[in-house]
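Asker: So here's target_1.txt, just compact mmCIF, C-alpha atoms:
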# COMPACT_ATOMS: atom_id res chain seq x y z
CA MET A 219 0.00 0.00 0.00
CA GLU A 220 1.50 3.28 -1.04
CA ALA A 221 0.47 6.84 -0.47
CA ILE A 222 1.39 8.15 -3.89
CA ALA A 223 -1.24 10.10 -5.75
CA ASN A 224 -1.19 10.99 -9.41
CA PRO A 225 -3.72 13.81 -9.49
CA ARG A 226 -6.19 13.98 -12.35
CA ILE A 227 -5.88 17.34 -14.04
CA THR A 228 -6.96 19.27 -17.09
CA CYS A 229 -5.04 21.91 -19.05
CA ALA A 230 -6.08 24.62 -16.59
CA TYR A 231 -4.29 22.94 -13.70
CA LEU A 232 -0.93 22.37 -15.45
CA ASN A 233 0.58 25.44 -13.82
CA SER A 234 0.10 24.08 -10.32
CA TYR A 235 1.67 20.70 -11.06
CA VAL A 236 5.04 21.49 -12.69
CA GLY A 237 7.51 18.72 -11.85
CA LYS A 238 4.80 16.40 -10.60
CA ASN A 239 3.24 13.26 -12.01
CA VAL A 240 -0.32 13.68 -13.20
CA ILE A 241 -3.09 11.85 -15.03
CA VAL A 242 -4.72 13.54 -18.00
CA VAL A 243 -7.73 12.23 -19.89
CA GLY A 244 -8.31 13.93 -23.21
CA LYS A 245 -8.78 13.61 -26.91
CA VAL A 246 -5.86 13.21 -29.30
CA ILE A 247 -6.05 16.18 -31.70
CA GLN A 248 -2.84 15.66 -33.62
CA LEU A 249 0.14 13.31 -33.75
CA ARG A 250 3.53 14.67 -34.86
CA GLY A 251 6.24 12.04 -34.55
CA ASP A 252 6.83 11.57 -30.85
CA GLU A 253 4.66 14.52 -29.92
CA ALA A 254 0.90 14.54 -29.47
CA LEU A 255 -1.52 17.40 -29.04
CA ILE A 256 -4.18 16.44 -26.53
CA ASP A 257 -7.36 18.34 -25.74
CA ALA A 258 -8.23 18.17 -22.07
CA ASP A 259 -10.30 21.31 -21.55
CA GLY A 260 -7.48 23.08 -23.46
CA ASN A 261 -4.60 21.82 -25.56
CA ILE A 262 -1.64 20.06 -23.97
CA THR A 263 1.55 18.99 -25.75
CA ALA A 264 2.63 15.50 -24.75
CA HIS A 265 6.09 14.05 -25.42
CA LEU A 266 5.40 10.38 -26.02
CA ASN A 267 7.51 7.40 -25.09
CA ARG A 268 8.25 4.57 -27.49
CA GLU A 269 5.50 2.33 -26.21
CA ALA A 270 2.76 4.82 -26.97
CA HIS A 271 0.17 3.71 -29.52
CA LEU A 272 -2.25 6.56 -29.98
CA SER A 273 -4.60 7.41 -32.78
CA ALA A 274 -5.87 10.87 -33.62
CA GLY A 275 -9.51 11.38 -32.68
CA ASN A 276 -9.46 8.76 -29.95
CA GLY A 277 -9.55 9.36 -26.25
CA VAL A 278 -6.36 8.80 -24.32
CA GLN A 279 -5.25 8.65 -20.73
CA ILE A 280 -1.68 9.70 -20.15
CA ILE A 281 0.30 9.50 -16.95
CA GLY A 282 3.35 11.71 -17.00
CA LYS A 283 5.41 14.47 -15.54
CA VAL A 284 4.64 18.14 -16.15
CA ASN A 285 7.62 19.98 -17.69
CA PRO A 286 8.41 23.63 -16.85
CA ASP A 287 7.09 24.61 -20.32
CA LEU A 288 3.74 22.99 -19.34
CA SER A 289 4.15 20.09 -21.75
CA ILE A 290 3.93 16.58 -20.37
CA LYS A 291 6.60 13.90 -20.56
CA VAL A 292 4.55 10.73 -20.93
CA LEU A 293 5.46 7.76 -18.76
CA SER A 294 2.50 5.62 -19.70
CA SER A 295 -0.39 6.03 -22.08
CA LEU A 296 -3.61 4.17 -22.68
CA ASP A 297 -5.81 4.37 -25.74
CA LEU A 298 -9.44 4.74 -24.63
CA GLY A 299 -11.25 4.39 -27.95
CA THR A 300 -13.94 6.76 -29.14
CA SER A 301 -16.68 6.49 -26.53
CA VAL A 302 -15.09 8.66 -23.86
CA ASP A 303 -17.28 11.25 -22.18
CA TYR A 304 -14.90 14.20 -21.94
CA ASN A 305 -17.33 16.38 -20.00
CA LEU A 306 -17.52 13.63 -17.42
CA ALA A 307 -13.74 13.36 -17.25
CA ASN A 308 -13.44 17.14 -16.79
CA SER A 309 -16.10 17.09 -14.07
CA VAL A 310 -14.19 14.40 -12.24
CA VAL A 311 -11.10 16.63 -12.32
CA GLU A 312 -13.11 19.48 -10.80
CA ILE A 313 -14.67 17.22 -8.18
CA SER A 314 -11.31 15.71 -7.28
CA HIS A 315 -9.96 19.20 -6.63
CA GLN A 316 -13.00 20.22 -4.61
CA HIS A 317 -12.89 17.17 -2.38
CA ARG A 318 -9.15 16.76 -2.01
CA SER A 319 -9.45 14.62 1.10
CA LEU A 320 -10.54 11.71 -1.09
CA PHE A 321 -7.96 12.15 -3.82
CA SER A 322 -4.65 13.71 -2.80
CA TYR A 323 -2.22 13.88 0.07
CA ASP A 324 -1.64 17.57 0.73
CA MET B 260 -20.32 -13.44 -7.86
CA THR B 261 -20.46 -17.09 -6.97
CA SER B 262 -17.24 -16.88 -5.03
CA TYR B 263 -18.81 -14.10 -2.95
CA GLY B 264 -21.76 -16.20 -1.86
CA GLY B 265 -19.57 -19.16 -1.11
CA TYR B 266 -17.29 -17.10 1.06
CA GLN B 267 -20.13 -15.85 3.19
CA GLN B 268 -21.58 -19.26 3.68
CA THR B 269 -18.35 -20.83 4.75
CA SER B 270 -17.53 -18.30 7.40
CA TYR B 271 -21.12 -18.26 8.60
CA GLY B 272 -21.05 -21.99 9.11
CA GLY B 273 -17.79 -21.65 10.97
CA GLN B 274 -19.37 -19.21 13.35
CA GLY B 275 -22.58 -21.09 13.99
CA GLY B 276 -21.03 -24.51 14.30
CA ASN B 277 -18.74 -23.94 17.25
CA ASP B 278 -19.41 -20.87 19.29
CA GLY B 279 -16.05 -20.55 21.01
CA GLY B 280 -13.93 -21.34 18.01
CA GLY B 281 -16.21 -19.36 15.80
CA PHE B 282 -14.78 -16.18 17.16
CA MET B 283 -11.28 -17.17 16.18
CA GLY B 284 -12.47 -18.20 12.77
CA ALA B 285 -14.17 -14.87 12.44
CA SER B 286 -11.14 -12.80 13.30
CA GLN B 287 -10.79 -12.20 9.62
CA GLN B 288 -14.18 -10.59 9.75
CA GLY B 289 -13.08 -8.41 12.61
CA SER B 290 -14.41 -8.80 16.10
CA GLN B 291 -17.47 -6.64 15.63
CA GLY B 292 -20.44 -8.18 17.36
CA GLY B 293 -18.49 -11.30 18.22
CA ALA B 294 -20.16 -14.50 17.13
CA GLN B 295 -23.48 -12.74 16.56
CA ARG B 296 -22.39 -10.83 13.57
CA ASN B 297 -25.36 -9.79 11.53
CA TYR B 298 -24.90 -10.17 7.82
CA ALA B 299 -27.72 -7.75 7.25
CA ASP B 300 -25.16 -5.12 8.28
CA ASP B 301 -22.93 -6.00 5.37
CA THR B 302 -22.36 -3.09 3.08
CA LEU B 303 -20.69 -2.72 -0.29
CA ARG B 304 -19.12 0.68 -0.55
CA PRO B 305 -17.27 2.41 -3.38
CA LEU B 306 -13.99 3.90 -2.17
CA THR B 307 -10.92 5.59 -3.56
CA ILE B 308 -7.69 3.85 -2.62
CA LYS B 309 -6.65 6.93 -0.67
CA GLN B 310 -9.57 6.37 1.70
CA LEU B 311 -8.11 2.95 2.48
CA VAL B 312 -4.58 4.35 2.80
CA ASP B 313 -5.85 7.02 5.19
CA PHE B 314 -7.69 4.56 7.42
CA LYS B 315 -5.84 4.15 10.70
CA GLU B 316 -6.58 0.92 12.50
CA PRO B 317 -7.35 1.57 16.16
CA TYR B 318 -6.11 -1.96 16.87
CA PRO B 319 -4.76 -4.72 14.58
CA ASN B 320 -7.38 -6.39 12.38
CA SER B 321 -10.04 -3.92 13.44
CA ASP B 322 -13.07 -3.31 11.28
CA LEU B 323 -12.75 -0.82 8.49
CA VAL B 324 -14.53 2.42 9.37
CA VAL B 325 -14.70 5.19 6.79
CA ASP B 326 -16.49 8.48 7.51
CA GLY B 327 -17.75 6.97 10.75
CA MET B 328 -19.47 4.16 8.87
CA LEU B 329 -18.61 0.51 9.37
CA THR B 330 -17.55 -0.75 5.98
CA THR B 331 -17.35 -4.44 5.23
CA GLN B 332 -17.15 -5.05 1.50
CA VAL B 333 -15.53 -2.44 -0.69
CA THR B 334 -15.35 -1.87 -4.40
CA LEU B 335 -12.40 -0.19 -6.10
CA VAL B 336 -11.57 0.78 -9.65
CA GLY B 337 -7.99 1.18 -10.78
CA HIS B 338 -5.44 0.10 -13.31
CA VAL B 339 -3.09 -2.80 -12.76
CA ARG B 340 0.48 -1.67 -12.12
CA VAL B 341 2.16 -4.95 -11.24
CA VAL B 342 1.02 -8.56 -11.57
CA ASN B 343 2.58 -11.06 -9.20
CA PRO B 344 1.38 -14.62 -9.80
CA GLY B 345 1.73 -17.02 -6.89
CA ALA B 346 0.95 -20.67 -6.32
CA VAL B 347 -2.38 -20.09 -4.62
CA HIS B 348 -3.18 -16.49 -5.38
CA ILE B 349 -2.37 -13.74 -7.83
CA THR B 350 -1.42 -10.37 -6.40
CA TYR B 351 -2.25 -7.28 -8.43
CA ARG B 352 -0.98 -3.87 -7.45
CA ILE B 353 -3.85 -1.54 -8.27
CA ASP B 354 -3.46 2.23 -8.77
CA ASP B 355 -6.42 4.56 -9.15
CA GLY B 356 -4.48 7.83 -9.16
CA THR B 357 -5.15 8.38 -5.45
CA GLY B 358 -2.91 5.64 -4.09
CA MET B 359 -1.85 2.05 -4.61
CA ILE B 360 -2.90 -1.14 -2.89
CA ASP B 361 -2.22 -4.84 -3.37
CA VAL B 362 -5.22 -6.94 -4.31
CA LYS B 363 -5.03 -10.69 -3.75
CA LYS B 364 -7.23 -13.00 -5.78
CA TRP B 365 -7.19 -16.59 -4.69
CA ILE B 366 -6.98 -19.06 -7.52
CA ASP B 367 -10.06 -21.21 -7.54
CA ALA B 368 -8.72 -24.79 -7.51
CA ASP B 369 -11.84 -26.05 -9.32
CA LYS B 370 -11.39 -23.64 -12.15
CA GLY B 371 -7.63 -24.06 -12.33
CA GLU B 372 -6.24 -22.26 -15.30
CA ALA B 373 -9.64 -20.82 -16.15
CA THR B 374 -9.20 -18.08 -13.53
CA PRO B 375 -9.13 -14.88 -15.57
CA ARG B 376 -5.91 -12.87 -15.41
CA PHE B 377 -5.48 -9.18 -16.01
CA GLY B 378 -2.50 -7.62 -17.70
CA VAL B 379 -0.54 -4.54 -16.71
CA ASP B 380 -2.29 -1.24 -17.55
CA THR B 381 -5.77 -2.74 -17.82
CA TYR B 382 -8.48 -1.07 -15.79
CA VAL B 383 -10.28 -3.42 -13.41
CA ARG B 384 -13.10 -3.28 -10.92
CA VAL B 385 -12.43 -5.11 -7.68
CA TYR B 386 -14.92 -6.29 -5.08
CA GLY B 387 -13.39 -7.44 -1.83
CA LYS B 388 -12.52 -6.90 1.80
CA LEU B 389 -9.67 -5.07 3.45
CA GLN B 390 -7.34 -7.43 5.28
CA SER B 391 -4.25 -6.82 7.31
CA PHE B 392 -1.33 -9.20 7.68
CA ASN B 393 1.86 -8.36 9.60
CA GLY B 394 0.90 -4.72 9.40
CA LYS B 395 0.68 -4.86 5.62
CA ARG B 396 -2.75 -4.17 4.27
CA SER B 397 -4.24 -5.56 1.13
CA ILE B 398 -7.60 -6.34 -0.42
CA ALA B 399 -8.81 -9.92 -0.51
CA ALA B 400 -10.75 -9.89 -3.73
CA HIS B 401 -13.94 -11.88 -4.15
CA TYR B 402 -14.24 -10.87 -7.73
CA ILE B 403 -12.27 -8.88 -10.27
CA ARG B 404 -13.41 -7.96 -13.73
CA ALA B 405 -11.92 -5.91 -16.52
CA ILE B 406 -13.53 -2.57 -17.29
CA GLU B 407 -14.89 -2.36 -20.83
CA ASP B 408 -16.15 1.20 -20.81
CA PHE B 409 -13.54 3.69 -19.57
CA ASN B 410 -16.28 6.02 -18.30
CA GLU B 411 -16.90 3.54 -15.50
CA VAL B 412 -13.60 4.69 -13.97
CA ASN B 413 -14.95 8.22 -13.71
CA TYR B 414 -18.37 7.02 -12.56
CA HIS B 415 -16.68 5.17 -9.73
CA LEU B 416 -14.73 8.22 -8.57
CA LEU B 417 -17.92 10.29 -8.57
CA GLU B 418 -19.80 7.55 -6.75
CA ALA B 419 -17.13 7.31 -4.06
CA THR B 420 -17.29 11.09 -3.62
CA TYR B 421 -21.09 11.00 -3.53
CA VAL B 422 -21.18 8.35 -0.81
CA HIS B 423 -18.55 10.25 1.17
CA LEU B 424 -20.61 13.45 0.97
CA CYS B 425 -23.84 11.65 1.84
CA LEU B 426 -22.26 10.24 4.98
CA THR B 427 -20.42 13.38 6.06
CA LYS B 428 -22.91 16.07 5.09
CA ALA B 429 -26.39 14.60 4.88
CA ALA B 430 -26.44 12.89 8.26
CA SER B 431 -29.69 14.71 8.89
CA ALA B 432 -31.73 12.58 6.54
CA ASP B 433 -33.42 11.03 9.55
CA GLY B 434 -33.53 14.24 11.55
CA GLN B 435 -30.89 13.15 14.02
CA ALA B 436 -28.40 15.86 13.22
CA PRO B 437 -30.51 18.96 12.74
CA GLN B 438 -27.56 21.33 12.70
CA GLN B 439 -26.65 19.88 9.35
CA GLY B 440 -30.17 20.19 7.99
CA GLY B 441 -30.37 20.01 4.25
CA GLY B 442 -26.70 19.26 3.88
CA GLY B 443 -25.37 16.97 1.22
CA MET B 444 -26.61 19.29 -1.46
CA ASP B 445 -24.68 19.79 -4.62
CA ALA B 446 -21.76 22.15 -4.68
CA GLY B 447 -23.93 25.10 -5.64
CA GLY B 448 -25.72 25.10 -2.31
CA ASP B 449 -22.82 24.09 -0.11
CA GLY B 450 -21.95 27.55 1.03
CA MET B 451 -25.23 27.92 2.85
CA PHE B 452 -24.44 25.27 5.34
CA VAL B 453 -20.89 26.11 6.21
CA ASP B 454 -21.91 27.75 9.45
CA GLY B 455 -24.43 25.00 10.17
CA GLY B 456 -26.54 27.84 11.46
CA TYR B 457 -29.86 27.18 9.81
CA GLY B 458 -30.86 24.13 11.71
CA ALA B 459 -29.23 25.14 14.94
CA GLY B 460 -30.49 28.70 14.86
CA GLY B 461 -34.09 29.21 13.91
CA VAL B 462 -35.47 25.72 13.69
CA GLY B 463 -36.17 23.59 16.70
CA ALA B 464 -35.68 19.87 16.97
CA ASP B 465 -39.41 19.13 16.78
CA MET B 466 -39.59 21.10 13.56
CA GLN B 467 -36.76 19.01 12.16
CA ALA B 468 -38.73 15.91 13.05
CA ARG B 469 -41.71 17.22 11.09
CA LEU B 470 -39.39 18.02 8.20
CA SER B 471 -38.00 14.51 8.06
CA PRO B 472 -40.51 13.17 5.52
CA CYS B 473 -39.68 16.03 3.14
CA SER B 474 -37.28 15.83 0.25
CA ARG B 475 -33.84 17.39 0.41
CA ASN B 476 -34.99 20.40 -1.61
CA GLY B 477 -37.99 20.75 0.67
CA ARG B 478 -35.76 20.93 3.73
CA THR B 479 -33.41 23.36 2.04
CA VAL B 480 -36.25 25.73 1.14
CA PHE B 481 -37.81 25.40 4.58
CA ASN B 482 -34.55 26.17 6.33
CA PHE B 483 -34.09 29.19 4.11
CA LEU B 484 -37.60 30.48 4.86
CA ALA B 485 -37.18 29.84 8.57
CA ASN B 486 -34.08 31.97 8.61
CA SER B 487 -35.20 34.78 6.33
CA ALA B 488 -37.53 35.77 9.21
CA THR B 489 -39.65 38.52 7.69
CA ALA B 490 -43.37 38.72 8.37
CA ASP B 491 -44.25 38.86 4.67
CA GLY B 492 -42.23 35.77 3.81
CA ALA B 493 -39.82 35.39 0.94
CA HIS B 494 -40.55 35.60 -2.77
CA LEU B 495 -39.58 32.90 -5.26
CA ASN B 496 -36.71 35.10 -6.49
CA GLN B 497 -35.30 35.52 -3.00
CA VAL B 498 -35.57 31.80 -2.34
CA ALA B 499 -33.88 31.05 -5.65
CA SER B 500 -30.95 33.35 -4.99
CA GLY B 501 -30.69 32.21 -1.37
CA THR B 502 -30.75 28.48 -1.98
CA GLY B 503 -29.27 28.23 -5.48
CA LEU B 504 -32.15 25.98 -6.52
CA SER B 505 -34.02 26.34 -9.81
CA ALA B 506 -37.49 27.89 -9.84
CA ARG B 507 -39.03 24.57 -10.77
CA ASP B 508 -37.34 22.77 -7.86
CA ILE B 509 -38.51 25.47 -5.51
CA MET B 510 -42.10 25.24 -6.76
CA SER B 511 -42.22 21.49 -6.19
CA ALA B 512 -40.45 21.85 -2.84
CA THR B 513 -42.91 24.50 -1.63
CA GLU B 514 -45.83 22.42 -2.86
CA GLU B 515 -44.53 19.60 -0.72
CA LEU B 516 -44.07 21.87 2.29
CA LEU B 517 -47.57 23.33 1.80
CA GLY B 518 -48.90 19.77 1.75
CA HIS B 519 -47.25 19.11 5.11
CA ALA B 520 -48.64 22.41 6.46
CA LEU B 521 -45.15 23.65 7.24
CA ILE B 522 -45.38 26.90 5.26
CA TYR B 523 -48.14 29.11 3.87
CA THR B 524 -48.45 31.56 0.99
CA THR B 525 -48.57 35.23 1.86
CA ASP B 526 -48.81 38.06 -0.72
CA ASP B 527 -49.22 35.81 -3.73
CA ASP B 528 -48.73 32.20 -4.79
CA GLU B 529 -44.99 32.67 -5.11
CA THR B 530 -44.28 34.12 -1.70
CA TRP B 531 -44.08 31.89 1.33
CA ALA B 532 -43.52 32.14 5.05
CA VAL B 533 -42.97 29.51 7.70
CA LEU B 534 -46.05 28.42 9.60
CA GLU B 535 -45.09 28.81 13.23
CA CYS B 536 -46.61 26.25 15.52
If you took the structure in this file and wrote it as structure tokens, what would it be?
Answerer:
Amino acid sequence: MEAIANPRITCAYLNSYVGKNVIVVGKVIQLRGDEALIDADGNITAHLNREAHLSAGNGVQIIGKVNPDLSIKVLSSLDLGTSVDYNLANSVVEISHQHRSLFSYD
Amino acid sequence: MTSYGGYQQTSYGGQGGNDGGGFMGASQQGSQGGAQRNYADDTLRPLTIKQLVDFKEPYPNSDLVVDGMLTTQVTLVGHVRVVNPGAVHITYRIDDGTGMIDVKKWIDADKGEATPRFGVDTYVRVYGKLQSFNGKRSIAAHYIRAIEDFNEVNYHLLEATYVHLCLTKAASADGQAPQQGGGGMDAGGDGMFVDGGYGAGGVGADMQARLSPCSRNGRTVFNFLANSATADGAHLNQVASGTGLSARDIMSATEELLGHALIYTTDDDETWAVLEC
């Protein structure tokens, strides 16, 4: 059992999580080599690792570290297909920040 | 779910069969209620892993209590980080973004190789019980299944939050905690209850008892009216801005309160005041 939280965030929260590991759920807008543009209530640039298999237009969950330039260095990514409810995912981010006692350790 | 039923039956038999030894056999269940444990008290509660991490056992192998509520069975959703196959059970390390916990699934000897296995990075839903061994806590899983629809992950997080809020804020559903009257509302109305003043201030305990059959909106509107304390009552617009409820919700709530003879209309059909008794 470990007390390590990877907070769920959207684009708006990037600023507060520089240098930390986060979870982002969003839609792949564009793939450029090892970079992906992901829409999670705003566009985020993600630097992919070699294992990443994403397709444009699909939902994706990435776990990664927020760089100082507010891009994300991806540690792990998961293709979620096309039936992802992005409004729901964004609401969960809001809820998880409103009720921090259930989600994070600060 | 067959394994779930079987588990209950076995331990129940163990308890009923030999009273003295039954307690020992039940130590896994915790000592709550001794040999007379009532299975009607069994609950299945959605939790985030952090809620399990945060739980401090008052004594070893104590019952799991979250938000003041005895919690027996739990359900978690997370993705598999590590798979550790053993001879008799498979251990999965599950991460839901709020923490990590080991989940042990015993291999059913009858099924043998047919026991489903889950790979790294797949999302799973786990039903099980918290157990503690040598100070290391894990979940003994009754059942694990893969999640097909990713939205279920988010539903689970919302559900866990909802249950947490119901238990911590809406304790007044049965009128026992009047100072929290109408709590457990959505975020829009939360601010009203921060001071807890509505129930404690203007509304007596007997009034809360009469309010108990009313819906949550009904109680919210009543508490607002009771505290607005003007002789002419409050107009729909005032109630709407004070409670954050929609006009339609307020109309149905006031209709309900009128039916219970708790409020009356004053200047017109959209202005109400509390009926003092």
Asker: Adding 4 Å on each side of the box along x, y and z that holds all listed atoms of stretch 322-341 of chain B, could you give its centre and edge lengths in Å to one decimal, as lines of an AutoDock Vina configuration file?
Answerer:
center_x = -8.7
center_y = 1.7
center_z = -1.0
size_x = 29.6
size_y = 21.5
size_z = 32.6
Asker: Near chain B, meaning an atom within 7 Å, which residues of chain A appear when counting all atoms listed in the file? Write them as a VMD selection string.
Answerer: chain A and resid 219 to 225 298 302 to 303 307 310 320 to 322
Asker: Could you give me, as number ranges by chain, the residues that sit within 12 Å of (-2.4, 19.1, -35.8) in the file's coordinates, counting only C-alpha atoms?
Answerer: A: 246-251, 253-257, 261-263, 274-275
Asker: How many Å lie between atom CA of B:Asn320 and atom CA of B:Ser391, rounded to one decimal?
Answerer: 6.0 Å
Asker: So the first atom is atom CA of B:Gly327 and the second is atom CA of A:Gln316; what is the distance between them in Å, to one decimal place?
Answerer: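 Computed distance, atom CA of B:Gly327 to atom CA of A:Gln316, equals 20.8 Å.
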Asker: Residues near B:Gln497, anyone? I mean within 10 Å using all atoms listed in the file, not counting same-chain ones fewer than 4 positions away, as a PyMOL selection string.
Answerer: chain B and resi 483-484+487+492-493+501-503+530
Asker: Determine, counting all atoms listed in the file, which protein, DNA and RNA residues have an atom within 8 Å of an atom of stretch 518-525 of chain B; residues of the same chain fewer than 3 positions away are not included. Present the result as a list in words.
Answerer: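 Answer for this query is Phe481, Asp491, Gly492, Thr513, Glu514, Glu515, Asp528, Glu529, Thr530, Trp531, Ala532, Val533, Leu534 and Glu535 of chain B.
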Asker: So that I can see what lies close to stretch 229-234 of chain A, please list as a PDB file with C-alpha atoms, in the frame of the given file the residues with an atom at most 6 Å from it, counting only C-alpha atoms and leaving out residues fewer than 3 positions away in the same chain.
Answerer:
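result35.pdb, written as the output of this step:
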ATOM      1  CA  ALA A 258      -8.230  18.170 -22.070  1.00  0.00           C
ATOM      2  CA  ASP A 259     -10.300  21.310 -21.550  1.00  0.00           C
ATOM      3  CA  GLY A 260      -7.480  23.080 -23.460  1.00  0.00           C
TER       4      GLY A 260
END
